[in-house]
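To start, the structure itself, in structure tokens.
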Amino acid sequence: MAKKTSSDLDLGELELAAGNGLVDRRGFLNRAGSAAGILGTGLASLAVSPAQADPLKVQDWTKTPGLGFTAYGQPSQYENGVGRGPIVEPNAMYKTGPGSIRSPLQFLDGMITPNGLHFERSHNGIPDIKPDEHRLLIHGLVKRPQVFTLEALSRYPMTSRISFVECAGNSGSLYGKTAADGTAQTLHGLLSCAEWTGVSLALLLDEAGVDPKAKWLLAEGADAASMTRSIPLAKALDDAMIPLYQNGERLRPSNGYPMRLLVPGYQGNMNVKWLHRLKLTEGPTMTRDETSRYSLLLKEGKVAQFKFPLDAKAVITKPSPGLTMKGAGLYEISGLAWSGNGKIVRVDVSADGGKSFAPAVLSEPVLSKALTRFRLPWKWDGGPAVLQARAVDDTGYVQPTRDALVAARGNSPAYHNNAITNWAVAVDGGLKHVYA
Ligand SMILES: Nc1nc2c(c(=O)[nH]1)N[C@H]1C(S)=C(S)[C@@H](COP(=O)(O)O)O[C@H]1N2
Ligand SMILES: [Mo]
């Protein structure tokens, strides 16, 4: 075939990689990087025409000096529709504090969740901990029990890592018999990702001197729920840490101020917030928080007592329910993929309900046990479509369909739902959660 120049290109010649308009990621990237840019795709430029733009009208904000400074900045007032929600507080009438609030995934981009939008889940409210009076005790099967103040911990060498936290109950409604009406936020928003900075747990355990009999440790929070979970010692020595900072500033009260446990890739509840005690033990302690809930019900009356890492999952955040598409043409499909077992190596995207898939571009950095942003151009023809994303991680694990997950586990479990989500696109550009 003779080589085409950019002016020869038209819509039909964008290299398609899968059914219903998914554009090949390499072809598009090359073309988008050429001088012809998006015009090289044969699509009309998305910029407004000079006539519509009233060539750079001199606006009021250009004519007068702007506002002054504030000690702690806030988002633009025009973005005030972007917030966490819904507030779920089932016991609010009894004035106790269990509940949750979800991250607005469909309004964010990149891989980091701003601190004010990190999801929150607490079993009995957010304690108001005075940092100078808080203590962390390390005891049990150790040679030298230790008590740390925040000030003392702050003098240890710090490490940083970008890690997601996901509640084991996230996406739980996908076990339901009918597709819940919801958005990326309401269905999947018990998920966030931050850069955590603090002290490696291995360092502190080394200082305490772990007794060779110790194989587990108990982590306890200082909140009114006294949240307690047992963590395998191997995990504690591998990559666990005690963050003091979240995206550069001190932890938010709701996310564990002044210190929490981070066990990267493990289900949210094991990342004990307001951490004040670590006890080295021979076996799991079998606390209320790991016997009354968090075991995974399976079929035929079987139960997986402990299932710690969260398996690979991907969610398309743009477009997604609540974000209406504005007519046929070129769009970017983008979303988040993550695995509690390692790195995301591929995200396959479908626009025809899973009949055909094309691999998305993974935005750097792609980090183990962190959210990974994926992107793929899509030439929407204006007709009905069903969008899916399917994550693959570096253990070779492929995210299952909902049918496969339910066939393996039944409909009764509440936790660890990592099924593929379907967003149906209607001809009016609206999107809706559906089952395949
Ligand atoms: N002390 C304590 N730690 C806790 C909880 C709690 O209620 N108390 N909730 C857990 C649950 S269920 C989850 S999903 C994560 C949520 O972390 P986040 O609120 O920082 O998003 O914290 C976990 N750590
Ligand atoms: Mo959770």
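Each chain in the structure tokens gets a letter, A, B, ..., in the order shown, and its residues are numbered from 1; ligands are numbered from 1 in order too.
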Sorted by chain and rising residue number, which residues of chain A lie within 8 Å of ligand 1, and what are their closest atom pairs and distances in Å to one decimal, counting only C-alpha atoms and all ligand atoms, as a tab-separated table?
residue	atom	partner	partner_atom_place_in_ligand_line	distance
A:Pro98	CA	ligand 1	7 (O)	7.3
A:Ser100	CA	ligand 1	19 (O)	7.7
A:His118	CA	ligand 1	21 (O)	6.0
A:Phe119	CA	ligand 1	21 (O)	4.5
A:Glu120	CA	ligand 1	19 (O)	3.3
A:Arg121	CA	ligand 1	19 (O)	4.2
A:Ser122	CA	ligand 1	7 (O)	3.4
A:His123	CA	ligand 1	7 (O)	3.6
A:Asn124	CA	ligand 1	7 (O)	5.9
A:Gly125	CA	ligand 1	7 (O)	7.2
A:Val165	CA	ligand 1	21 (O)	6.3
A:Glu166	CA	ligand 1	14 (S)	5.9
A:Cys167	CA	ligand 1	14 (S)	3.5
A:Ala168	CA	ligand 1	14 (S)	6.4
A:Gly169	CA	ligand 1	14 (S)	7.6
A:Leu190	CA	ligand 1	14 (S)	7.0
A:Leu191	CA	ligand 1	21 (O)	7.1
A:Ser192	CA	ligand 1	21 (O)	6.8
A:Glu220	CA	ligand 1	1 (N)	6.5
A:Gly221	CA	ligand 1	1 (N)	3.7
A:Ala222	CA	ligand 1	1 (N)	6.1
A:Asp223	CA	ligand 1	1 (N)	5.4
A:Ala224	CA	ligand 1	8 (N)	7.9
A:Ala225	CA	ligand 1	8 (N)	5.9
A:Ser226	CA	ligand 1	1 (N)	5.9
A:Met227	CA	ligand 1	1 (N)	4.5
A:Thr228	CA	ligand 1	1 (N)	7.2
A:Ser254	CA	ligand 1	19 (O)	5.9
A:Asn255	CA	ligand 1	20 (O)	3.6
A:Gly256	CA	ligand 1	20 (O)	6.4
A:Arg260	CA	ligand 1	3 (N)	7.7
A:Gln267	CA	ligand 1	14 (S)	7.0
A:Gly268	CA	ligand 1	14 (S)	3.7
A:Asn269	CA	ligand 1	11 (C)	3.5
A:Met270	CA	ligand 1	23 (C)	6.0
A:Asn271	CA	ligand 1	24 (N)	4.9
A:Val272	CA	ligand 1	3 (N)	3.7
A:Lys273	CA	ligand 1	3 (N)	3.7
A:Trp274	CA	ligand 1	1 (N)	5.3
A:Leu275	CA	ligand 1	1 (N)	6.4
If you run DSSP on this backbone, which residues of stretch 155-202 of chain A come out as alpha helix (DSSP H), and could you give them as an MDAnalysis selection string?
chainID A and resid 184:188 201:202
Store the residues of this selection in a file with all heavy atoms, as a short mmCIF file (atom, residue, chain, number, x, y, z; two decimals), in the first residue's frame.
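Result written to result_39.cif:
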data_model
loop_
_atom_site.label_atom_id
_atom_site.label_comp_id
_atom_site.auth_asym_id
_atom_site.auth_seq_id
_atom_site.Cartn_x
_atom_site.Cartn_y
_atom_site.Cartn_z
N ALA A 184 -19.06 4.99 38.75
CA ALA A 184 -17.74 4.48 39.15
C ALA A 184 -17.55 4.74 40.64
O ALA A 184 -17.03 3.91 41.38
CB ALA A 184 -16.64 5.14 38.32
N GLN A 185 -18.01 5.91 41.09
CA GLN A 185 -17.87 6.28 42.50
C GLN A 185 -18.72 5.39 43.42
O GLN A 185 -18.21 4.83 44.40
CB GLN A 185 -18.29 7.74 42.68
CG GLN A 185 -18.30 8.24 44.11
CD GLN A 185 -18.46 9.75 44.19
OE1 GLN A 185 -18.77 10.41 43.19
NE2 GLN A 185 -18.22 10.32 45.34
N THR A 186 -20.01 5.25 43.11
CA THR A 186 -20.89 4.52 44.05
C THR A 186 -20.64 3.02 43.98
O THR A 186 -20.83 2.33 44.98
CB THR A 186 -22.38 4.84 43.80
OG1 THR A 186 -22.74 4.41 42.49
CG2 THR A 186 -22.66 6.32 43.93
N LEU A 187 -20.21 2.49 42.82
CA LEU A 187 -19.97 1.05 42.72
C LEU A 187 -18.55 0.67 43.13
O LEU A 187 -18.34 -0.39 43.71
CB LEU A 187 -20.22 0.56 41.28
CG LEU A 187 -21.65 0.74 40.74
CD1 LEU A 187 -21.70 0.38 39.27
CD2 LEU A 187 -22.64 -0.11 41.53
N HIS A 188 -17.56 1.53 42.80
CA HIS A 188 -16.16 1.13 42.97
C HIS A 188 -15.32 2.12 43.77
O HIS A 188 -14.09 2.01 43.80
CB HIS A 188 -15.51 0.96 41.59
CG HIS A 188 -16.21 -0.02 40.69
ND1 HIS A 188 -16.32 -1.36 41.00
CD2 HIS A 188 -16.85 0.13 39.50
CE1 HIS A 188 -16.99 -1.99 40.03
NE2 HIS A 188 -17.32 -1.10 39.11
N LEU A 201 8.33 -1.20 58.54
CA LEU A 201 8.03 -2.02 59.72
C LEU A 201 9.19 -2.97 60.01
O LEU A 201 9.51 -3.23 61.18
CB LEU A 201 6.71 -2.78 59.49
CG LEU A 201 6.17 -3.55 60.69
CD1 LEU A 201 6.11 -2.70 61.94
CD2 LEU A 201 4.78 -4.08 60.36
N ALA A 202 9.83 -3.47 58.96
CA ALA A 202 10.97 -4.39 59.14
C ALA A 202 12.04 -3.74 60.01
O ALA A 202 12.64 -4.39 60.88
CB ALA A 202 11.54 -4.78 57.78
#
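With only C-alpha atoms and all ligand atoms as the basis for measurement, A:Asp289 is the residue among A:Asp181, A:Asp132, A:Asp211, A:Asp289 that approaches ligand 2 most closely.
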Which distance in Å separates atom CA of A:Arg84 and atom CA of A:Ser103, to one decimal?
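Calculated distance between atom CA of A:Arg84 and atom CA of A:Ser103 is 5.0 Å.
The shortest atom-to-atom distance to A:Ala234, with only C-alpha atoms taken into account, belongs to A:Ala214 out of A:Leu251, A:Ala214, A:Leu330, A:Ala152.
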